[in-house]
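entry_23.cif follows; it contains mmCIF, C-alpha atoms and all ligand atoms.
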```cif
data_start
#
loop_
_atom_site.label_atom_id
_atom_site.label_comp_id
_atom_site.auth_asym_id
_atom_site.auth_seq_id
_atom_site.Cartn_x
_atom_site.Cartn_y
_atom_site.Cartn_z
CA MET H 210 18.01 95.34 147.61
CA SER H 211 20.82 93.82 145.56
CA PHE H 212 21.57 90.23 144.65
CA GLU H 213 24.92 88.92 143.41
CA PRO H 214 24.57 85.75 141.33
CA ASN H 215 27.18 83.12 142.07
CA ASN H 216 26.77 79.91 140.07
CA VAL H 217 24.55 80.55 137.06
CA LEU H 218 22.68 78.20 134.73
CA ILE H 219 22.16 79.80 131.33
CA THR H 220 19.55 77.99 129.24
CA GLY H 221 19.73 78.51 125.48
CA GLY H 222 23.30 79.78 125.89
CA ALA H 223 24.31 78.44 122.46
CA GLY H 224 21.71 80.59 120.71
CA PHE H 225 22.07 84.17 119.51
CA ILE H 226 21.32 86.22 122.62
CA GLY H 227 22.31 83.48 125.06
CA ALA H 228 25.80 83.16 123.57
CA ASN H 229 26.31 86.91 123.65
CA PHE H 230 25.21 86.88 127.28
CA VAL H 231 27.54 83.99 128.21
CA ARG H 232 30.46 85.94 126.77
CA HIS H 233 29.34 89.14 128.50
CA TRP H 234 28.95 87.38 131.86
CA LEU H 235 32.34 85.64 131.70
CA ASP H 236 33.96 88.95 130.72
CA THR H 237 32.36 90.95 133.50
CA THR H 238 32.46 88.55 136.45
CA GLN H 239 35.43 86.96 138.17
CA GLN H 240 33.93 84.07 140.07
CA GLY H 241 31.13 81.54 140.04
CA LYS H 242 30.40 78.79 137.57
CA VAL H 243 28.72 79.44 134.25
CA VAL H 244 26.79 76.33 133.22
CA VAL H 245 25.33 76.57 129.73
CA PHE H 246 22.43 74.21 129.12
CA ASP H 247 21.27 73.97 125.52
CA ALA H 248 19.62 71.32 123.34
CA LEU H 249 21.51 72.51 120.24
CA THR H 250 18.42 72.64 118.06
CA TYR H 251 18.81 74.02 114.52
CA ALA H 252 19.21 77.49 116.12
CA GLY H 253 21.77 76.43 118.68
CA ASN H 254 25.39 76.37 117.60
CA ILE H 255 28.33 75.35 119.73
CA GLU H 256 30.48 77.58 117.49
CA ASN H 257 28.74 80.56 119.09
CA LEU H 258 30.71 79.69 122.22
CA ALA H 259 34.02 78.97 120.48
CA GLY H 260 37.08 80.10 122.38
CA LEU H 261 35.50 79.70 125.81
CA ASP H 262 36.52 76.05 126.24
CA LYS H 263 39.67 76.68 128.23
CA ASN H 264 37.87 78.72 130.86
CA LEU H 265 37.62 76.61 133.98
CA ARG H 266 34.48 78.39 135.16
CA TYR H 267 32.55 77.47 132.04
CA VAL H 268 30.70 74.18 131.54
CA PHE H 269 28.58 73.26 128.52
CA VAL H 270 25.85 70.62 128.91
CA ARG H 271 23.73 69.51 125.99
CA GLY H 272 20.18 68.81 127.09
CA ASP H 273 16.51 69.67 126.93
CA ILE H 274 14.87 72.07 129.39
CA CYS H 275 11.78 69.82 129.35
CA ASP H 276 13.87 67.16 131.10
CA GLU H 277 13.21 68.20 134.69
CA ALA H 278 15.36 65.46 136.20
CA VAL H 279 18.44 66.67 134.34
CA VAL H 280 17.72 70.28 135.31
CA ARG H 281 17.40 69.27 138.98
CA GLN H 282 20.64 67.34 138.79
CA LEU H 283 22.48 70.34 137.30
CA LEU H 284 21.09 72.69 139.95
CA GLU H 285 22.31 70.33 142.67
CA GLN H 286 25.64 69.36 141.17
CA HIS H 287 26.79 72.94 140.48
CA ARG H 288 25.03 74.59 143.43
CA ILE H 289 23.28 76.89 141.00
CA ASP H 290 21.63 79.94 142.61
CA THR H 291 20.63 81.77 139.42
CA ILE H 292 18.87 80.63 136.26
CA ILE H 293 18.95 82.93 133.25
CA HIS H 294 16.43 81.46 130.87
CA PHE H 295 16.92 82.17 127.16
CA ALA H 296 16.06 78.75 125.69
CA ALA H 297 13.11 78.96 123.34
CA GLU H 298 11.83 78.36 119.89
CA SER H 299 12.18 81.93 118.72
CA HIS H 300 11.19 82.40 115.09
CA VAL H 301 7.67 83.69 114.40
CA ASP H 302 7.53 82.27 110.87
CA ARG H 303 8.33 78.78 112.12
CA SER H 304 5.67 79.09 114.81
CA ILE H 305 3.10 79.82 112.11
CA LEU H 306 4.07 76.72 110.16
CA GLY H 307 4.31 74.47 113.22
CA PRO H 308 3.36 75.66 116.71
CA ASP H 309 3.89 72.35 118.56
CA ASP H 310 7.61 72.73 119.27
CA PHE H 311 6.90 76.24 120.57
CA ILE H 312 4.33 75.02 123.04
CA ARG H 313 6.62 72.24 124.20
CA THR H 314 9.81 74.27 124.69
CA ASN H 315 8.45 77.71 125.55
CA VAL H 316 5.60 76.67 127.85
CA VAL H 317 6.31 73.12 129.06
CA GLY H 318 10.07 73.74 129.10
CA THR H 319 9.76 76.92 131.13
CA HIS H 320 7.48 75.12 133.56
CA SER H 321 9.98 72.28 133.90
CA LEU H 322 12.67 74.82 134.91
CA LEU H 323 10.31 76.51 137.35
CA LYS H 324 9.39 73.19 138.97
CA ALA H 325 13.03 72.19 139.40
CA ALA H 326 13.94 75.63 140.79
CA LYS H 327 11.04 75.61 143.26
CA SER H 328 11.81 72.11 144.41
CA LEU H 329 15.44 72.89 145.22
CA TRP H 330 15.37 76.54 146.18
CA ILE H 331 12.02 76.83 147.96
CA ASP H 332 11.22 73.31 149.20
CA GLN H 333 14.73 72.10 149.98
CA LYS H 334 16.31 75.51 150.61
CA THR H 335 19.56 74.43 148.96
CA VAL H 336 20.85 78.01 148.56
CA ALA H 337 20.59 81.09 150.79
CA ALA H 338 19.37 83.35 147.98
CA HIS H 339 18.28 82.61 144.43
CA ARG H 340 16.96 84.25 141.27
CA PHE H 341 15.08 82.96 138.23
CA HIS H 342 15.37 85.40 135.33
CA HIS H 343 13.11 84.84 132.34
CA VAL H 344 13.93 86.47 128.99
CA SER H 345 10.75 87.38 127.16
CA THR H 346 9.62 89.58 124.32
CA ASP H 347 7.64 92.72 123.56
CA GLU H 348 5.58 90.59 121.16
CA VAL H 349 3.41 89.42 124.08
CA TYR H 350 1.79 92.88 124.05
CA GLY H 351 0.49 92.52 120.48
CA SER H 352 0.52 95.23 117.85
CA LEU H 353 0.49 99.04 118.12
CA GLY H 354 -1.09 101.60 115.82
CA PRO H 355 1.09 104.46 114.52
CA GLU H 356 -0.05 106.89 117.23
CA ASP H 357 -0.28 104.46 120.16
CA GLU H 358 1.85 104.89 123.25
CA PRO H 359 4.79 102.43 123.40
CA PHE H 360 4.34 99.24 125.43
CA HIS H 361 4.92 99.58 129.16
CA GLU H 362 4.99 96.91 131.84
CA ALA H 363 1.25 97.19 132.53
CA THR H 364 0.17 97.01 128.88
CA PRO H 365 -2.38 94.15 128.63
CA TYR H 366 -1.14 91.02 126.92
CA ALA H 367 -2.50 90.42 123.41
CA PRO H 368 -0.21 87.95 121.63
CA ASN H 369 -0.98 87.42 117.95
CA SER H 370 1.36 84.64 116.81
CA PRO H 371 1.81 81.14 118.20
CA TYR H 372 5.33 82.24 119.19
CA SER H 373 4.17 85.24 121.20
CA ALA H 374 1.30 83.25 122.72
CA THR H 375 3.75 80.68 124.08
CA LYS H 376 6.05 83.39 125.42
CA ALA H 377 3.03 84.99 127.10
CA GLY H 378 2.13 81.62 128.64
CA ALA H 379 5.65 81.27 129.99
CA ASP H 380 5.58 84.82 131.41
CA HIS H 381 2.37 84.01 133.28
CA LEU H 382 3.84 80.82 134.72
CA VAL H 383 6.88 82.74 135.98
CA ARG H 384 4.57 85.28 137.59
CA ALA H 385 2.49 82.51 139.17
CA TYR H 386 5.55 80.80 140.65
CA HIS H 387 6.52 84.08 142.28
CA GLU H 388 3.04 84.87 143.60
CA THR H 389 2.14 81.33 144.67
CA TYR H 390 5.39 79.77 145.81
CA GLY H 391 7.56 82.79 146.56
CA LEU H 392 10.14 82.01 143.87
CA ASP H 393 12.44 85.03 143.38
CA THR H 394 11.78 85.91 139.75
CA THR H 395 12.45 88.71 137.30
CA VAL H 396 11.27 89.04 133.70
CA THR H 397 12.50 91.24 130.87
CA ASN H 398 10.37 91.92 127.80
CA CYS H 399 12.64 93.25 125.11
CA SER H 400 12.37 94.42 121.52
CA ASN H 401 14.00 92.93 118.39
CA ASN H 402 17.66 92.16 118.99
CA TYR H 403 20.45 92.35 116.44
CA GLY H 404 24.21 91.81 116.46
CA PRO H 405 26.78 89.01 116.19
CA TYR H 406 25.79 85.32 116.08
CA GLN H 407 22.16 85.83 114.99
CA PHE H 408 20.92 82.84 113.01
CA PRO H 409 20.40 83.89 109.39
CA GLU H 410 16.67 83.19 109.25
CA LYS H 411 16.07 86.51 111.08
CA LEU H 412 15.67 89.69 109.07
CA ILE H 413 19.03 91.43 109.51
CA PRO H 414 21.46 88.55 108.88
CA LEU H 415 19.19 87.19 106.14
CA ILE H 416 19.31 90.49 104.28
CA ILE H 417 23.09 90.87 104.69
CA ILE H 418 23.79 87.36 103.41
CA ASN H 419 21.33 87.61 100.53
CA ILE H 420 22.90 90.87 99.37
CA LEU H 421 26.33 89.24 99.40
CA HIS H 422 24.97 86.49 97.11
CA GLY H 423 22.92 88.80 94.89
CA LYS H 424 19.73 87.03 95.99
CA PRO H 425 16.29 88.65 96.35
CA LEU H 426 15.63 90.51 99.61
CA PRO H 427 12.17 89.38 100.78
CA VAL H 428 10.24 92.23 102.42
CA TYR H 429 6.91 91.08 103.84
CA GLY H 430 3.93 93.08 102.61
CA ASP H 431 4.50 96.82 102.25
CA GLY H 432 7.54 96.79 104.57
CA MET H 433 6.02 99.58 106.68
CA GLN H 434 5.95 97.46 109.84
CA VAL H 435 7.88 99.11 112.67
CA ARG H 436 10.30 97.41 115.05
CA ASP H 437 12.43 98.90 117.84
CA TRP H 438 15.90 97.46 117.25
CA LEU H 439 18.01 96.66 120.31
CA HIS H 440 21.71 95.85 120.02
CA VAL H 441 22.31 92.52 121.75
CA ALA H 442 25.13 94.05 123.84
CA ASP H 443 22.68 96.61 125.27
CA HIS H 444 20.28 93.76 126.02
CA CYS H 445 22.99 91.78 127.83
CA GLU H 446 23.84 94.80 129.97
CA ALA H 447 20.16 95.26 130.81
CA ILE H 448 19.80 91.64 131.91
CA ALA H 449 22.87 91.93 134.15
CA LEU H 450 21.34 95.03 135.77
CA VAL H 451 18.02 93.28 136.33
CA LEU H 452 19.72 90.21 137.80
CA ARG H 453 21.59 92.29 140.34
CA HIS H 454 19.22 95.14 141.07
CA GLY H 455 15.79 94.16 139.78
CA MET H 456 13.03 93.69 142.35
CA SER H 457 11.78 90.17 142.87
CA GLY H 458 8.51 89.53 141.04
CA GLU H 459 9.01 92.53 138.76
CA VAL H 460 8.93 92.90 135.00
CA TYR H 461 11.20 95.31 133.09
CA ASN H 462 10.77 96.38 129.49
CA VAL H 463 14.02 96.75 127.56
CA GLY H 464 14.07 98.76 124.33
CA GLY H 465 16.68 100.11 121.94
CA ASN H 466 15.26 103.59 121.31
CA SER H 467 15.42 102.80 117.58
CA GLU H 468 12.00 102.54 115.95
CA THR H 469 12.39 101.90 112.24
CA THR H 470 10.27 100.54 109.40
CA ASN H 471 11.43 97.27 107.89
CA ILE H 472 11.87 98.84 104.47
CA ASP H 473 14.06 101.63 105.86
CA LEU H 474 16.10 99.07 107.76
CA VAL H 475 16.59 96.96 104.62
CA HIS H 476 17.56 100.02 102.58
CA GLY H 477 20.01 101.02 105.32
CA LEU H 478 21.64 97.59 105.22
CA CYS H 479 21.84 97.79 101.42
CA ALA H 480 23.68 101.09 101.67
CA VAL H 481 26.16 99.77 104.24
CA VAL H 482 26.96 96.62 102.25
CA ASP H 483 27.25 98.64 98.99
CA ASP H 484 29.65 101.03 100.66
CA LEU H 485 31.84 98.29 102.15
CA VAL H 486 31.95 96.21 98.95
CA THR H 487 32.75 99.28 96.86
CA THR H 488 35.56 100.46 99.11
CA ARG H 489 37.19 97.14 100.00
CA ASP H 490 38.54 95.29 96.96
CA GLU H 491 38.83 91.97 98.77
CA LEU H 492 35.06 91.95 99.34
CA SER H 493 34.15 92.16 95.67
CA VAL H 494 36.52 89.24 95.09
CA ALA H 495 35.04 87.22 97.96
CA PHE H 496 31.42 88.09 97.05
CA PRO H 497 31.26 88.59 93.29
CA GLY H 498 27.45 88.18 93.39
CA ALA H 499 27.00 91.30 95.53
CA PRO H 500 25.46 94.04 93.33
CA ALA H 501 28.17 96.56 94.32
CA ALA H 502 30.83 94.22 92.91
CA GLU H 503 29.33 95.04 89.47
CA GLY H 504 28.64 98.70 90.21
CA LYS H 505 24.95 98.12 90.99
CA GLN H 506 22.88 98.95 94.06
CA ALA H 507 21.76 96.25 96.51
CA LYS H 508 18.34 97.83 96.90
CA SER H 509 17.55 96.64 93.37
CA LEU H 510 17.23 93.18 95.00
CA VAL H 511 14.29 94.19 97.23
CA ARG H 512 11.13 92.14 96.55
CA HIS H 513 7.85 92.75 98.32
CA VAL H 514 6.52 89.26 99.04
CA ARG H 515 3.34 87.90 100.58
CA ASP H 516 2.83 89.24 104.09
CA ARG H 517 3.24 87.13 107.23
CA PRO H 518 -0.20 86.04 108.50
CA GLY H 519 -1.16 87.99 111.63
CA HIS H 520 1.87 90.25 111.10
CA ASP H 521 2.14 92.75 113.96
CA ARG H 522 2.29 96.27 112.55
CA ARG H 523 4.31 98.06 115.18
CA TYR H 524 6.26 97.35 118.36
CA ALA H 525 7.64 100.13 120.53
CA ILE H 526 9.00 100.00 124.06
CA ASN H 527 8.78 102.41 126.94
CA PHE H 528 11.80 101.49 129.09
CA ALA H 529 11.33 104.30 131.64
CA LYS H 530 11.00 101.82 134.52
CA ALA H 531 14.33 100.13 133.77
CA LYS H 532 15.92 103.57 133.35
CA ARG H 533 14.49 104.94 136.58
CA GLU H 534 15.03 101.90 138.79
CA LEU H 535 18.17 100.36 137.27
CA GLY H 536 19.87 103.14 135.33
CA TYR H 537 19.38 101.27 132.04
CA CYS H 538 19.82 103.20 128.80
CA PRO H 539 20.76 101.67 125.43
CA GLN H 540 24.25 102.81 124.41
CA ARG H 541 24.41 101.70 120.77
CA ASP H 542 23.10 103.91 118.02
CA LEU H 543 21.24 101.95 115.32
CA ALA H 544 23.25 103.19 112.32
CA ALA H 545 26.57 102.43 114.00
CA GLY H 546 25.24 99.13 115.37
CA LEU H 547 24.07 98.00 111.93
CA ARG H 548 27.39 98.88 110.38
CA SER H 549 29.35 96.97 113.02
CA THR H 550 26.95 94.03 112.60
CA VAL H 551 27.49 93.96 108.81
CA GLU H 552 31.24 94.09 109.46
CA TRP H 553 30.93 91.16 111.90
CA TYR H 554 29.13 89.06 109.26
CA LEU H 555 31.79 89.96 106.70
CA GLU H 556 34.62 89.09 109.07
CA ASN H 557 32.94 85.87 110.18
CA ALA H 558 31.75 84.47 106.86
CA GLN H 559 32.87 80.97 107.86
CA TRP H 560 30.48 81.07 110.79
CA TRP H 561 27.40 81.63 108.63
CA GLN H 562 28.60 79.73 105.57
CA ALA H 563 28.67 76.60 107.74
CA LEU H 564 24.96 77.11 108.44
CA LEU H 565 23.78 77.66 104.88
CA GLY H 566 23.54 74.03 103.88
CA ARG H 567 21.76 73.04 107.05
CA GLU H 568 18.54 75.00 107.36
CA TYR H 569 19.03 78.25 105.63
CA THR H 570 18.02 77.44 102.05
CA GLU H 571 14.70 76.10 103.20
CA TRP H 572 13.94 79.47 104.78
CA VAL H 573 15.09 81.63 101.93
CA ASN H 574 12.65 79.75 99.71
CA LYS H 575 9.84 79.46 102.23
CA ASN H 576 6.28 80.47 101.69
CA TYR H 577 3.21 80.01 103.80
P1 LIG H 601 17.71 81.51 119.31
O1 LIG H 601 16.64 80.80 118.54
O2 LIG H 601 18.87 82.09 118.58
O3 LIG H 601 18.31 80.52 120.41
C1 LIG H 601 17.52 79.67 121.18
C2 LIG H 601 18.44 78.67 121.86
O4 LIG H 601 17.61 77.83 122.69
C3 LIG H 601 19.18 77.76 120.90
O5 LIG H 601 20.53 77.66 121.28
C4 LIG H 601 18.48 76.42 121.04
O6 LIG H 601 19.33 75.31 120.80
C5 LIG H 601 18.02 76.48 122.49
N1 LIG H 601 16.85 75.61 122.75
C6 LIG H 601 15.71 75.54 122.02
N2 LIG H 601 14.90 74.61 122.55
C7 LIG H 601 15.53 74.10 123.64
C8 LIG H 601 15.21 73.12 124.61
N3 LIG H 601 14.02 72.46 124.56
N4 LIG H 601 16.07 72.87 125.60
C9 LIG H 601 17.26 73.53 125.66
N5 LIG H 601 17.64 74.44 124.76
C10 LIG H 601 16.78 74.73 123.76
O7 LIG H 601 16.95 82.61 120.16
P2 LIG H 601 17.43 84.06 120.59
O8 LIG H 601 17.12 85.00 119.50
O9 LIG H 601 18.80 83.99 121.14
O10 LIG H 601 16.39 84.35 121.76
C11 LIG H 601 16.71 84.04 123.12
C12 LIG H 601 15.51 84.38 123.99
O11 LIG H 601 15.20 85.77 123.84
C13 LIG H 601 14.25 83.62 123.62
O12 LIG H 601 13.59 83.27 124.79
C14 LIG H 601 13.43 84.64 122.82
O13 LIG H 601 12.05 84.39 122.95
C15 LIG H 601 13.84 85.92 123.48
N6 LIG H 601 13.75 87.12 122.62
C16 LIG H 601 14.47 87.18 121.45
C17 LIG H 601 14.40 88.33 120.67
C18 LIG H 601 15.21 88.47 119.41
O14 LIG H 601 15.11 89.50 118.75
N7 LIG H 601 16.04 87.51 119.03
C19 LIG H 601 13.59 89.40 121.07
C20 LIG H 601 12.86 89.28 122.25
C21 LIG H 601 12.97 88.15 123.02
P1 LIG H 602 12.14 88.81 112.45
O1 LIG H 602 13.61 89.03 112.36
O2 LIG H 602 11.60 87.48 112.04
O3 LIG H 602 11.68 89.20 113.93
P2 LIG H 602 10.19 89.31 114.58
O4 LIG H 602 9.23 88.61 113.72
O5 LIG H 602 10.40 88.64 115.89
O6 LIG H 602 9.90 90.79 114.69
O7 LIG H 602 11.41 89.89 111.55
C1 LIG H 602 11.57 91.27 111.78
C2 LIG H 602 10.62 91.99 110.88
O8 LIG H 602 11.03 91.77 109.52
C3 LIG H 602 9.19 91.48 110.97
O9 LIG H 602 8.31 92.58 110.81
C4 LIG H 602 9.06 90.53 109.79
C5 LIG H 602 9.98 91.16 108.75
N1 LIG H 602 10.65 90.20 107.84
C6 LIG H 602 10.61 90.45 106.46
O10 LIG H 602 10.03 91.43 105.99
N2 LIG H 602 11.25 89.57 105.64
C7 LIG H 602 11.89 88.46 106.12
O11 LIG H 602 12.44 87.65 105.30
C8 LIG H 602 11.94 88.24 107.53
C9 LIG H 602 12.63 87.04 108.11
C10 LIG H 602 11.30 89.15 108.36
#
```
Could the structure of this file be written out as structure tokens, please?
Ligand code: NAD
Ligand code: TYD
Amino acid sequence: MSFEPNNVLITGGAGFIGANFVRHWLDTTQQGKVVVFDALTYAGNIENLAGLDKNLRYVFVRGDICDEAVVRQLLEQHRIDTIIHFAAESHVDRSILGPDDFIRTNVVGTHSLLKAAKSLWIDQKTVAAHRFHHVSTDEVYGSLGPEDEPFHEATPYAPNSPYSATKAGADHLVRAYHETYGLDTTVTNCSNNYGPYQFPEKLIPLIIINILHGKPLPVYGDGMQVRDWLHVADHCEAIALVLRHGMSGEVYNVGGNSETTNIDLVHGLCAVVDDLVTTRDELSVAFPGAPAAEGKQAKSLVRHVRDRPGHDRRYAINFAKAKRELGYCPQRDLAAGLRSTVEWYLENAQWWQALLGREYTEWVNKNY
């Protein structure tokens, strides 16, 4: 069975993955409204959607997913038949320092969307067909040992951080709305994303920007934690497949086929930035603090710092179900994806420089 979304509401569309998805969706579809609904928290940035303003299909609305009345009004006004739900508090370290916002947005906010969707789509039958897609994380499954099988869709939930616990709560609510009320839902649990527009509190952009300034590169603990890195463009393609071809009530794991230790990832980024700064004269002028501008190596900046409490050791994803049922397979190789991501941050320095004064410094200097 296939479903073709018409008018879509994209929550969190001014964040990292949401903005990439908005661009992907506008590029790959010809009709239907694209209503972006985002509170523009510290992580949301209207600049992530720059250049889309003149598109008549695209509407941006600033608002909070916990505000059910506004959500209902948007669903009615734009005859929305599909919600793609990205909005969340997304940074594990922040959830450790202050879980309340995570519980509010990730649990209460998701429930507010579900209530509004049920009310219009199930109770009032305002559209002939509908879909509620929830974007979740592999972190709900907890932590793997080095020899454990990768997470699959039936792996028991064992969230370890306040962030992953709230995402798990949201996943369960989505499931319950399908089972109890018949809401047409799909869920994707994906691994760590990387690519353009990622807020520089997350590992990859943080490391790139710190190298460019000659600042220490904080590696938590021994740096031997393993993540499966997924290029955001592969993730967007997977979501589009699930929206159209995923079975109602089903969960799909989405991975990048790129398990890597944090320390190897950081060293890889160091090598890419060193290479680019060494070979492009304009970069050593623009970023004189970068070690390569003085003939040094960026990896000399690596500092092993106090580990994150409850730090999950390893995530790995078995995406066989998405491959078998939807034809999903990640297309971007990690080395090439990291290089293109570094190049994006170099070419878009204004984008991240505008963020540095706001929240960034606080995070570079953070400790638990
Ligand atoms: P992000 O932090 O970059 O963006 C989140 C967006 O949600 C921001 O634009 C923010 O303004 C908005 N938002 C936050 N609270 C809101 C509220 N109450 N109402 C409306 N909007 C609100 O996050 P991201 O990295 O783009 O992640 C998107 C989704 O993907 C999240 O649900 C996250 O849990 C999930 N996910 C992310 C990753 C990753 O590696 N980034 C991995 C797995 C899953
Ligand atoms: P992060 O980008 O915060 O994603 P997540 O916690 O969702 O996996 O972190 C990725 C990995 O990098 C994680 O194992 C924590 C580690 N990390 C560091 O070692 N140093 C840092 O400064 C940050 C932000 C993360």
Exercise for the section: Quick one: everything within 12 Å of range 408-412 of chain H, counting all atoms listed in the file, minus sequence neighbours fewer than 4 positions away in the same chain. Send it as a count of residues only. Expected result: 55
Handout entry: Spatial neighbours of range 446-450 of chain H, max dist 12 Å, all atoms listed in the file, sep filter under 4 positions, as a PyMOL selection string
Key = chain H and resi 211-214+217+226-227+229-238+291-295+341-345+395-399+439-442+454-456+460-465+528+530-532+534-541
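With all atoms listed in the file as the atoms that count, the minimum distance from ligand LIG 602 (chain H) to the choices H:His520, H:Arg548, H:His387, H:Arg489 is reached by H:His520.
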Given the point (14.3, 71.1, 128.8) in the coordinates of this file, which residues lie within 8 Å, counting all atoms listed in the file, and how would they look as an mmCIF file with C-alpha atoms, in the frame of the given file?
```cif
data_model
loop_
_atom_site.group_PDB
_atom_site.id
_atom_site.type_symbol
_atom_site.label_atom_id
_atom_site.label_comp_id
_atom_site.auth_asym_id
_atom_site.auth_seq_id
_atom_site.Cartn_x
_atom_site.Cartn_y
_atom_site.Cartn_z
ATOM 1 C CA ALA H 248 19.620 71.320 123.340
ATOM 2 C CA GLY H 272 20.180 68.810 127.090
ATOM 3 C CA ASP H 273 16.510 69.670 126.930
ATOM 4 C CA ILE H 274 14.870 72.070 129.390
ATOM 5 C CA CYS H 275 11.780 69.820 129.350
ATOM 6 C CA ASP H 276 13.870 67.160 131.100
ATOM 7 C CA GLU H 277 13.210 68.200 134.690
ATOM 8 C CA VAL H 280 17.720 70.280 135.310
ATOM 9 C CA THR H 314 9.810 74.270 124.690
ATOM 10 C CA GLY H 318 10.070 73.740 129.100
ATOM 11 C CA THR H 319 9.760 76.920 131.130
ATOM 12 C CA SER H 321 9.980 72.280 133.900
ATOM 13 C CA LEU H 322 12.670 74.820 134.910
#
```
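Reported to one decimal place, the separation of atom C4 of ligand LIG 601 (chain H) from CA of Ile255 in chain H is 10.0 Å.
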Practice task
Compare H:Arg522, H:His513, H:His339, H:Arg453 by their minimum atom-to-atom distance to Pro355 in chain H, counting all atoms listed in the file, and give me the closest one.
Solution key: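 Smallest separation from Pro355 in chain H among the options: H:Arg522.
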Practice task
Rank H:Glu298, H:Asp290, H:Asp393, H:Glu356 by their smallest atom-to-atom distance to ligand LIG 601 (chain H), using only C-alpha atoms and all ligand atoms, and report the top residue only.
Solution key: H:Glu298
Problem - Long-range neighbours of Val482 in chain H as a list in words, 9 Å cut-off, all atoms listed in the file, 3 positions minimum in chain - result: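 So the residues in contact are Ile417, Ile420, Leu421, Gly477, Leu478, Cys479, Leu485, Val486, Thr487, Ala499, Ala501, Ala507, Arg548, Val551 and Glu552 of chain H.
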Once you have the residues from the selection above, write them out as a CSV table (one decimal), keeping the file's coordinate frame, restricted to C-alpha atoms.
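Heads up, here's the output in part18.csv:
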```
chain,number,residue,atom,x,y,z
H,417,ILE,CA,23.1,90.9,104.7
H,420,ILE,CA,22.9,90.9,99.4
H,421,LEU,CA,26.3,89.2,99.4
H,477,GLY,CA,20.0,101.0,105.3
H,478,LEU,CA,21.6,97.6,105.2
H,479,CYS,CA,21.8,97.8,101.4
H,485,LEU,CA,31.8,98.3,102.2
H,486,VAL,CA,32.0,96.2,99.0
H,487,THR,CA,32.8,99.3,96.9
H,499,ALA,CA,27.0,91.3,95.5
H,501,ALA,CA,28.2,96.6,94.3
H,507,ALA,CA,21.8,96.2,96.5
H,548,ARG,CA,27.4,98.9,110.4
H,551,VAL,CA,27.5,94.0,108.8
H,552,GLU,CA,31.2,94.1,109.5
```
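Computed from the coordinates, the CA of Thr375 in chain H to CA of Ile312 in chain H distance equals 5.8 Å.
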Handout entry: Shell of 8 Å around Gln240 in chain H, all atoms listed in the file, local chain residues under 2 positions omitted, as a list of chain:residue names
Key =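 Listed by chain and then number, they are H:Asn215, H:Thr238, H:Lys242, H:Arg266.
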File of the preceding selection, C-alpha atoms, as a tab-separated table (two decimals), keeping the file's coordinate frame:
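So again20.tsv came out as:
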```
chain	number	residue	atom	x	y	z
H	215	ASN	CA	27.18	83.12	142.07
H	238	THR	CA	32.46	88.55	136.45
H	242	LYS	CA	30.40	78.79	137.57
H	266	ARG	CA	34.48	78.39	135.16
```
Exercise for the section: Pick out the closest residue to ligand LIG 602 (chain H) from this set: H:Glu556, H:Asp473, H:Asp380, H:Asp357. Count all atoms listed in the file. Expected result: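 Of all the options, H:Asp473 lies closest to ligand LIG 602 (chain H).
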Handout entry: Nearest residue to ligand LIG 602 (chain H) from the set H:Val494, H:Ala525, H:Val270, H:Leu283 (distances using only C-alpha atoms and all ligand atoms)
Key =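 Nearest to ligand LIG 602 (chain H): H:Ala525.
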Would you compute an axis-aligned box for ligand LIG 602 (chain H), covering every atom listed for it in the file with 6 Å of margin on each side, and report centre and edge lengths in Å to one decimal as JSON?
```
{"center_x": 11.0, "center_y": 89.8, "center_z": 110.6, "size_x": 17.3, "size_y": 17.5, "size_z": 22.6}
```
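Remark: for ligand LIG 601 (chain H), the closest of the candidate residues H:His381, H:Arg271, H:His476, H:Lys508 is H:Arg271 (distances computed over only C-alpha atoms and all ligand atoms).
Distance-wise, CA of Ala495 in chain H and atom O2 of ligand LIG 602 (chain H) end up 27.3 Å apart.
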Taking N, CA, C and O atoms as the atom set, what does range 353-357 of chain H look like once completed, written as an mmCIF file, in the frame of the given file?
```
data_model
loop_
_atom_site.group_PDB
_atom_site.id
_atom_site.type_symbol
_atom_site.label_atom_id
_atom_site.label_comp_id
_atom_site.auth_asym_id
_atom_site.auth_seq_id
_atom_site.Cartn_x
_atom_site.Cartn_y
_atom_site.Cartn_z
ATOM 1 N N LEU H 353 0.866 97.640 117.882
ATOM 2 C CA LEU H 353 0.490 99.040 118.120
ATOM 3 C C LEU H 353 0.078 99.726 116.822
ATOM 4 O O LEU H 353 0.612 99.392 115.744
ATOM 5 N N GLY H 354 -0.817 100.704 116.931
ATOM 6 C CA GLY H 354 -1.090 101.600 115.820
ATOM 7 C C GLY H 354 -0.023 102.683 115.781
ATOM 8 O O GLY H 354 0.743 102.839 116.738
ATOM 9 N N PRO H 355 0.018 103.467 114.686
ATOM 10 C CA PRO H 355 1.090 104.460 114.520
ATOM 11 C C PRO H 355 1.135 105.494 115.636
ATOM 12 O O PRO H 355 2.214 105.988 115.983
ATOM 13 N N GLU H 356 -0.026 105.831 116.211
ATOM 14 C CA GLU H 356 -0.050 106.890 117.230
ATOM 15 C C GLU H 356 -0.104 106.350 118.654
ATOM 16 O O GLU H 356 -0.176 107.113 119.608
ATOM 17 N N ASP H 357 -0.144 105.031 118.807
ATOM 18 C CA ASP H 357 -0.280 104.460 120.160
ATOM 19 C C ASP H 357 0.969 104.717 120.990
ATOM 20 O O ASP H 357 2.086 104.791 120.469
#
```
